[in-house]
Amino acid sequence: MNPHPIIEQLKEIISSHMITEKIFVVPSHRDGQLAIQALARAGQPVLNVKVKTFMDLALELSKPIMKKAGYERMPYQIGKQYIFSELQNLKRNKQLSYFHSVQLTSAFSQAIYQAILDLKQARVAVNSFPKQAFLKTEKGEDLLKLFQAYELKRQENQLLDDGDIFELALQREVEPRRKVLYLFFPHEAYYRIEKDFFLHYTKGANVIALGLPTIAGLESLSTMVQPNMQIETQHPFSYLYQIEQSLEVPDVTLKAAISEDEEVQNVFRQLKNQKLSFDQSVIFYTNARPYVESVLRFVQKQDVPVTFAEGVPLNLTKPGKLIKGVFQWIRENYSVNVLAKLIREGCISFDSIEISGEKVISLLQDAEIQWGKERYLQKVNEKIADLAQTVSEDEGNQRVLRKLGEYKQLLKWLNPWMRRFDGDKTYSKVSYKGWLTALKDLLLIEDHSNNGLNTSAKNQLLEVITEVEHLAVGEMTLGEVMSDTEQWLMKLTVGASMPKPGHLHVSPHRIGLYLDRPHVFIVGLDNGRFPGRQKEDPILLDVERKAIHPEMTLGREFVKRNFYLFVQLLLTTKGHVQMSYPFLDTVENRRTAPSHLFLQAYRLKTKQPGVTGEELAKVLQSDVHFIQKEAENVLHESEWWATQLWSNHQMDVELYRQEPYRHLMQAQVARYARRNDLFTEFDGRIEYDHGSHDPRKNENMKITTSKLEMLGTCPYKYFLKHILYVEEEQVEEFDMYKWLTPPTRGSLLHEVFERFYEQIKASKQKPKVEEHIDVIIDIADQVLQKERESNPPPSEIIYLLERQEILESCSVFLKAEEEASDDGEPLFFEYHFGIGGQDPATIDLSNGESIRLSGKIDRVDRLANGLYAIIDYKTGSSYGYSDKAYFNGGRKLQHSLYALAFEKLFAHKNAQVSSSTYFFPTLKGQGERIERKHSAQEREQFLTIVEHLCELLAKGHFPYTDSVEDCKYCDFKMVCQRHTYQEEVIEKKQKEENAFGALRLKEVRSYD
């Protein structure tokens, strides 16, 4: 077993200085604690040891001064906010030269702030600002202005950043600590100010610098303090770049996987098959995304104990999803669908009210809010008022009464929820402090305590928001404040932990030097992730950094440092190592290649220095399996099912009888029934003995035109919607380029046409384009303005575009009406029956039975000959309507229904309807009129159609439509699954002797 190079140094030093006070000077507290744990496991007693970072040592000296002077340590977010405010001021006053055209975003202000902090860490002050170091003089001048403003603001508020704390500590005289031994751990990167401080702090003290092993063929990193001795190692991986000189093959397994998820599952497969202890194993990743999420997803399903060195991203927790979801909700103009997603993810609780989250979603959708902050309370209050009115008219209606109670419960939750945040639009100005307070309040009212990770996330969010909140000042737009806080908060990780007994540990490779576990798994070694790409700071270029100070960290050193530390990590391994990469980018759908280090590891293992990446990929990919054929490789139920499906295995009958799998048996029965030639309950054959759904038998049942036409189009769709009450999926999304929905546009046009005719009728005029175009435009603008107040458009330009479309439709309407004005005189508009307290129309059928009809006739004209004509406005296209297809096989019945209804309601006046017209008065319809003349023969045919359709309801037979054209725009397509049938199977089912409903539907189809 290979010794750990740093732990071995520590053992030797500590053995020689057992009782001496020892300070581990480490890059992070984690490194020091891991080193102590590794020493303890190695049997080395660790006494009189403290772990300190540079900042810990600096605060020892500066804290007394800070306390006496009333200084506070400045949160990073407040410093960034100062920079953002100053950028706004300078840009507003046109005082920026180099950055004058840059868009002021949260990311840009952060980049500027980080550049200023880097300058301070390089010990650059305002009075020593190196303008000559910048390639563009204007850039240096702009940065100096921001630097000066930042320093002034910081001093006014008595705040110190990290650079200030080190400078304060450097001003203190330090007595030599000769009785203390400082063990300096290797630092992968450091600032000049940290080096100056550490040398100042340890002047005259006993310092031992630990060293990293030299690696043949790889240049070492620069170090702040030179190691006391050069460290050599014979670890097999030390010959990674001098393969010819290696004497020992490393104990390494190299694997490829289809995806990142498969990589992670391969790790757990090895843990299971080799029976490895979790607390003796570690997974190192080269990039947190997507590996942390993938591991978390797996361990939560399988209940595996795991610790994450740097925690998990905040957005994987419910509090994080809540914050991010609220931001998305606001950005998408308070879309109901975004809010519904948040509710369904369990991020919002409804303990204070007596309805469930799903009911809240249903009510919000039913209220037709769709989007817009101001619409929520307005639409819900309107709904409550409408329901209250209905209850007052029909006190015994329990369904309406129950719904009224549900809406009142919704309002109880909605009032405080909607008023929590200021600002209606993303450009509204809001208080930065008020915004943070609102976020805190939002977190406090939601209970996520049922999960340790969620609780940790909530507490951490409250802590960091509170830290910034009491110092926050100024105003920003709602869009700016969301971008700012999202960038800041969504970078947080929660649940960071040291390795725990009995737990698998997951860590980034860059902090793994002191993690002393024998079983090592490394994922993410494709060339896209490792060693990463060169990252040069766009504000402080590398050439500028060199000119400012030779020890400033350069962006191009990132790749070199990442690579070097990874090899050092390999040199700490003392057991088996498994390295892997995903060979498929599932997002881009393309192959990926292994990293150069992965290739070198393969060359070292096989002693083949000439192997190419393509040859390696070919070798590894031949061993990749998506389906696990061996039983011992199966990790979870889904893999077992995948194997059965892939192998086309038949399930044992006993399995189907078990409770968790009975639904599969039901599915098999349904699948068999749908594939055979019989008309069964799985195809719409329900059959019941009562007449509750038959309008001829149920006196309380009122049928509508839309229901009868749906029944005539596809009885199965009617069954889903009006028997089972299956609701169409709500997929309405906020579209910043649309305002009016088709139903809303139709209602507006109906109102315009009605008001126009009422106005000219009062003055006994006929419609004329020249005389009345301004009149109808004025009416349209009034109606649009009213709609605009209750339903604000996304923008002014969208309003103007849709207004223009409405006005053009009005023009089409007016021209068509002028041409037809001699045919008759409008008598009724929006004529209701069977609704709003009005009596229904009773339609007598030829067999002596009757049905009760409710509906609304757009317009009734009285003709010169004393007869009547019905006009129905259609604001869509004329698709599906034809002069020849009078009933269109039972799909178009409105003209006959309304004609008979009107005649029945006006029987006392001996009213007769001679024709019905479908009028398309829009741009899409081009003013087309499709007329239906009524005759005794056609009315007899119509009554026969209605009787046939009622017989379907009476019998409980709801066959599929016989035409795939009816399915083209159907909302229930994925529910009914008709498109999965073979047409010949449907034909056989409809010809089956018991298929009474199909026979009746065929008879209805004969009436065209």
# chains A, B, ... in the order shown; residues from 1 in each chain; ligands from 1
>>> residues_around(residues="Arg859 of chain A", least_positions_apart="4", cutoff="8 Å", atoms="only C-alpha atoms", output="number ranges by chain")
A: 826-831, 870-872
>>> write_last_selection(atoms="all heavy atoms", output="tab-separated table (two decimals), in the first residue's frame")
chain	number	residue	atom	x	y	z
A	826	PRO	N	-82.19	43.31	-37.84
A	826	PRO	CA	-81.82	42.65	-36.57
A	826	PRO	C	-82.87	42.93	-35.50
A	826	PRO	O	-83.28	44.07	-35.29
A	826	PRO	CB	-80.48	43.31	-36.23
A	826	PRO	CG	-79.94	43.80	-37.53
A	826	PRO	CD	-81.13	44.21	-38.33
A	827	LEU	N	-83.28	41.86	-34.82
A	827	LEU	CA	-84.33	41.97	-33.82
A	827	LEU	C	-83.80	41.68	-32.42
A	827	LEU	O	-84.07	42.42	-31.48
A	827	LEU	CB	-85.46	40.98	-34.17
A	827	LEU	CG	-86.72	41.06	-33.31
A	827	LEU	CD1	-87.40	42.42	-33.51
A	827	LEU	CD2	-87.67	39.92	-33.66
A	828	PHE	N	-83.03	40.58	-32.26
A	828	PHE	CA	-82.48	40.20	-30.96
A	828	PHE	C	-80.97	39.98	-31.09
A	828	PHE	O	-80.47	39.51	-32.11
A	828	PHE	CB	-83.11	38.90	-30.45
A	828	PHE	CG	-84.60	38.98	-30.22
A	828	PHE	CD1	-85.49	38.33	-31.06
A	828	PHE	CD2	-85.11	39.72	-29.15
A	828	PHE	CE1	-86.85	38.40	-30.86
A	828	PHE	CE2	-86.47	39.79	-28.95
A	828	PHE	CZ	-87.35	39.14	-29.80
A	829	PHE	N	-80.27	40.31	-30.01
A	829	PHE	CA	-78.84	40.03	-29.91
A	829	PHE	C	-78.58	39.24	-28.62
A	829	PHE	O	-79.19	39.52	-27.57
A	829	PHE	CB	-78.02	41.32	-29.87
A	829	PHE	CG	-78.20	42.18	-31.09
A	829	PHE	CD1	-79.10	43.24	-31.09
A	829	PHE	CD2	-77.47	41.91	-32.24
A	829	PHE	CE1	-79.27	44.02	-32.21
A	829	PHE	CE2	-77.65	42.70	-33.37
A	829	PHE	CZ	-78.54	43.76	-33.36
A	830	GLU	N	-77.67	38.28	-28.70
A	830	GLU	CA	-77.30	37.48	-27.51
A	830	GLU	C	-78.57	36.96	-26.82
A	830	GLU	O	-78.75	37.13	-25.61
A	830	GLU	CB	-76.47	38.32	-26.53
A	830	GLU	CG	-75.19	38.91	-27.12
A	830	GLU	CD	-74.12	37.87	-27.39
A	830	GLU	OE1	-73.99	36.95	-26.58
A	830	GLU	OE2	-73.42	37.97	-28.41
A	831	TYR	N	-79.44	36.32	-27.57
A	831	TYR	CA	-80.72	35.85	-27.03
A	831	TYR	C	-80.49	34.56	-26.23
A	831	TYR	O	-80.10	33.53	-26.77
A	831	TYR	CB	-81.72	35.62	-28.16
A	831	TYR	CG	-83.07	35.19	-27.66
A	831	TYR	CD1	-83.94	36.10	-27.05
A	831	TYR	CD2	-83.47	33.85	-27.75
A	831	TYR	CE1	-85.17	35.69	-26.56
A	831	TYR	CE2	-84.70	33.44	-27.27
A	831	TYR	CZ	-85.55	34.37	-26.67
A	831	TYR	OH	-86.77	33.96	-26.18
A	870	ILE	N	-81.68	33.28	-38.37
A	870	ILE	CA	-80.74	33.25	-37.24
A	870	ILE	C	-79.33	33.44	-37.78
A	870	ILE	O	-78.92	32.80	-38.76
A	870	ILE	CB	-80.87	31.92	-36.48
A	870	ILE	CG1	-82.18	31.92	-35.69
A	870	ILE	CG2	-79.68	31.70	-35.54
A	870	ILE	CD1	-82.46	30.63	-34.97
A	871	ILE	N	-78.60	34.34	-37.13
A	871	ILE	CA	-77.21	34.62	-37.51
A	871	ILE	C	-76.30	34.18	-36.36
A	871	ILE	O	-76.52	34.56	-35.21
A	871	ILE	CB	-76.96	36.12	-37.78
A	871	ILE	CG1	-78.02	36.70	-38.73
A	871	ILE	CG2	-75.54	36.34	-38.30
A	871	ILE	CD1	-77.94	36.18	-40.13
A	872	ASP	N	-75.30	33.37	-36.68
A	872	ASP	CA	-74.34	32.96	-35.66
A	872	ASP	C	-72.94	33.41	-36.10
A	872	ASP	O	-72.48	33.04	-37.17
A	872	ASP	CB	-74.36	31.44	-35.48
A	872	ASP	CG	-73.54	31.01	-34.28
A	872	ASP	OD1	-73.97	31.28	-33.15
A	872	ASP	OD2	-72.46	30.44	-34.48
>>> residues_around(residues="Phe24 of chain A", least_positions_apart="4", cutoff="9 Å", atoms="only C-alpha atoms", output="ChimeraX atom specification")
/A:32,49-53,181-185
>>> select_by_dssp(residues="segment 423-637 of chain A", states="strand (DSSP E or B)", output="PyMOL selection string")
chain A and resi 429-431+475-477+493-494+496+504-508+519-523+526+577-582+584-585+590-591+594
>>> atom_distance(atom1="atom CA of Glu175 of chain A", atom2="atom CA of His187 of chain A")
25.0 Å
>>> atom_distance(atom1="atom CA of Leu599 of chain A", atom2="atom CA of Glu614 of chain A")
9.9 Å
>>> residues_around(residues="Leu57 of chain A", least_positions_apart="3", cutoff="10 Å", atoms="only C-alpha atoms", output="list of chain:residue names")
A:Val25, A:Lys52, A:Thr53, A:Phe54, A:Glu60, A:Leu61, A:Ser62, A:Phe166, A:Ala169, A:Phe197, A:Phe198, A:Tyr201
>>> residues_around(residues="Tyr334 of chain A", least_positions_apart="6", cutoff="7 Å", atoms="only C-alpha atoms", output="ChimeraX atom specification")
/A:371-373
>>> residues_around(residues="Asp196 of chain A", least_positions_apart="5", cutoff="12 Å", atoms="only C-alpha atoms", output="list in words")
Phe54, Ala58, Gln121, Ala122, Arg123, Gly163, Phe166, Glu167, Ala169, Leu170, Gln171, Tyr190, Tyr191, Tyr201, Thr202, Lys203, Met224, Val225 and Glu551 of chain A
>>> write_last_selection(atoms="N, CA, C and O atoms", output="JSON list (two decimals), in the first residue's frame")
[["chain", "number", "residue", "atom", "x", "y", "z"],
["A", 54, "PHE", "N", -5.33, 31.72, 6.89],
["A", 54, "PHE", "CA", -4.73, 33.06, 6.89],
["A", 54, "PHE", "C", -5.68, 34.07, 7.54],
["A", 54, "PHE", "O", -5.27, 34.92, 8.32],
["A", 58, "ALA", "N", -5.20, 36.58, 10.71],
["A", 58, "ALA", "CA", -5.34, 38.03, 10.54],
["A", 58, "ALA", "C", -6.36, 38.60, 11.51],
["A", 58, "ALA", "O", -6.16, 39.68, 12.08],
["A", 121, "GLN", "N", -6.16, 42.81, -2.88],
["A", 121, "GLN", "CA", -5.37, 41.67, -2.40],
["A", 121, "GLN", "C", -3.94, 41.72, -2.95],
["A", 121, "GLN", "O", -3.03, 41.11, -2.39],
["A", 122, "ALA", "N", -3.75, 42.46, -4.05],
["A", 122, "ALA", "CA", -2.40, 42.68, -4.58],
["A", 122, "ALA", "C", -1.77, 43.93, -3.96],
["A", 122, "ALA", "O", -0.74, 44.40, -4.41],
["A", 123, "ARG", "N", -2.45, 44.48, -2.95],
["A", 123, "ARG", "CA", -1.99, 45.64, -2.17],
["A", 123, "ARG", "C", -1.96, 46.92, -3.01],
["A", 123, "ARG", "O", -1.11, 47.79, -2.84],
["A", 163, "GLY", "N", -9.32, 42.37, 2.17],
["A", 163, "GLY", "CA", -8.05, 43.08, 1.99],
["A", 163, "GLY", "C", -7.79, 44.07, 3.11],
["A", 163, "GLY", "O", -6.66, 44.20, 3.60],
["A", 166, "PHE", "N", -6.57, 42.24, 6.29],
["A", 166, "PHE", "CA", -5.15, 41.89, 6.23],
["A", 166, "PHE", "C", -4.27, 43.12, 6.40],
["A", 166, "PHE", "O", -3.24, 43.08, 7.10],
["A", 167, "GLU", "N", -4.64, 44.24, 5.77],
["A", 167, "GLU", "CA", -3.85, 45.48, 5.91],
["A", 167, "GLU", "C", -3.83, 45.93, 7.37],
["A", 167, "GLU", "O", -2.80, 46.38, 7.89],
["A", 169, "ALA", "N", -4.13, 44.02, 9.97],
["A", 169, "ALA", "CA", -3.27, 43.09, 10.71],
["A", 169, "ALA", "C", -1.80, 43.35, 10.45],
["A", 169, "ALA", "O", -0.96, 43.19, 11.34],
["A", 170, "LEU", "N", -1.48, 43.77, 9.22],
["A", 170, "LEU", "CA", -0.08, 44.06, 8.88],
["A", 170, "LEU", "C", 0.46, 45.28, 9.64],
["A", 170, "LEU", "O", 1.67, 45.44, 9.79],
["A", 171, "GLN", "N", -0.45, 46.13, 10.10],
["A", 171, "GLN", "CA", -0.01, 47.32, 10.85],
["A", 171, "GLN", "C", 0.36, 46.99, 12.29],
["A", 171, "GLN", "O", 0.99, 47.79, 12.97],
["A", 190, "TYR", "N", -2.65, 31.76, -3.95],
["A", 190, "TYR", "CA", -2.62, 32.70, -2.83],
["A", 190, "TYR", "C", -2.53, 34.12, -3.38],
["A", 190, "TYR", "O", -2.16, 34.36, -4.54],
["A", 191, "TYR", "N", -2.89, 35.07, -2.53],
["A", 191, "TYR", "CA", -2.78, 36.48, -2.87],
["A", 191, "TYR", "C", -1.49, 37.05, -2.29],
["A", 191, "TYR", "O", -0.97, 36.57, -1.28],
["A", 201, "TYR", "N", 3.57, 37.79, 10.11],
["A", 201, "TYR", "CA", 3.03, 37.15, 11.32],
["A", 201, "TYR", "C", 4.01, 36.13, 11.89],
["A", 201, "TYR", "O", 4.12, 35.98, 13.12],
["A", 202, "THR", "N", 4.72, 35.40, 11.04],
["A", 202, "THR", "CA", 5.61, 34.32, 11.50],
["A", 202, "THR", "C", 7.07, 34.74, 11.54],
["A", 202, "THR", "O", 7.96, 33.88, 11.63],
["A", 203, "LYS", "N", 7.32, 36.05, 11.48],
["A", 203, "LYS", "CA", 8.71, 36.54, 11.52],
["A", 203, "LYS", "C", 9.36, 36.08, 12.82],
["A", 203, "LYS", "O", 8.87, 36.35, 13.91],
["A", 224, "MET", "N", 4.13, 29.77, -1.92],
["A", 224, "MET", "CA", 4.38, 30.94, -1.07],
["A", 224, "MET", "C", 5.60, 30.74, -0.20],
["A", 224, "MET", "O", 6.44, 31.63, -0.05],
["A", 225, "VAL", "N", 5.70, 29.55, 0.39],
["A", 225, "VAL", "CA", 6.83, 29.22, 1.27],
["A", 225, "VAL", "C", 7.47, 27.95, 0.74],
["A", 225, "VAL", "O", 6.79, 26.93, 0.56],
["A", 551, "GLU", "N", 3.03, 38.47, -8.89],
["A", 551, "GLU", "CA", 2.47, 37.33, -8.18],
["A", 551, "GLU", "C", 0.94, 37.28, -8.22],
["A", 551, "GLU", "O", 0.32, 36.46, -7.55]]
>>> residues_around(residues="Gly848 of chain A", least_positions_apart="3", cutoff="10 Å", atoms="only C-alpha atoms", output="ChimeraX atom specification")
/A:696,844-845
>>> residues_around(residues="Pro531 of chain A", least_positions_apart="3", cutoff="9 Å", atoms="only C-alpha atoms", output="list of chain:residue names")
A:Thr286, A:Leu525, A:Asp526, A:Asn527, A:Gly528, A:Phe558, A:Val559, A:Lys560, A:Arg561, A:Asn562, A:Phe563, A:Phe566, A:Ser595, A:His596, A:Leu597
>>> atom_distance(atom1="atom CA of Gln81 of chain A", atom2="atom CA of Glu310 of chain A")
26.0 Å
>>> select_by_dssp(residues="segment 106-327 of chain A", states="alpha helix (DSSP H)", output="PyMOL selection string")
chain A and resi 106-121+137-156+162-170+192-201+260-273+288-302+318-327
>>> closest_residue(among="A:Leu453, A:Leu404, A:Ile835, A:Val126", to="Gln389 of chain A", atoms="only C-alpha atoms")
A:Leu404
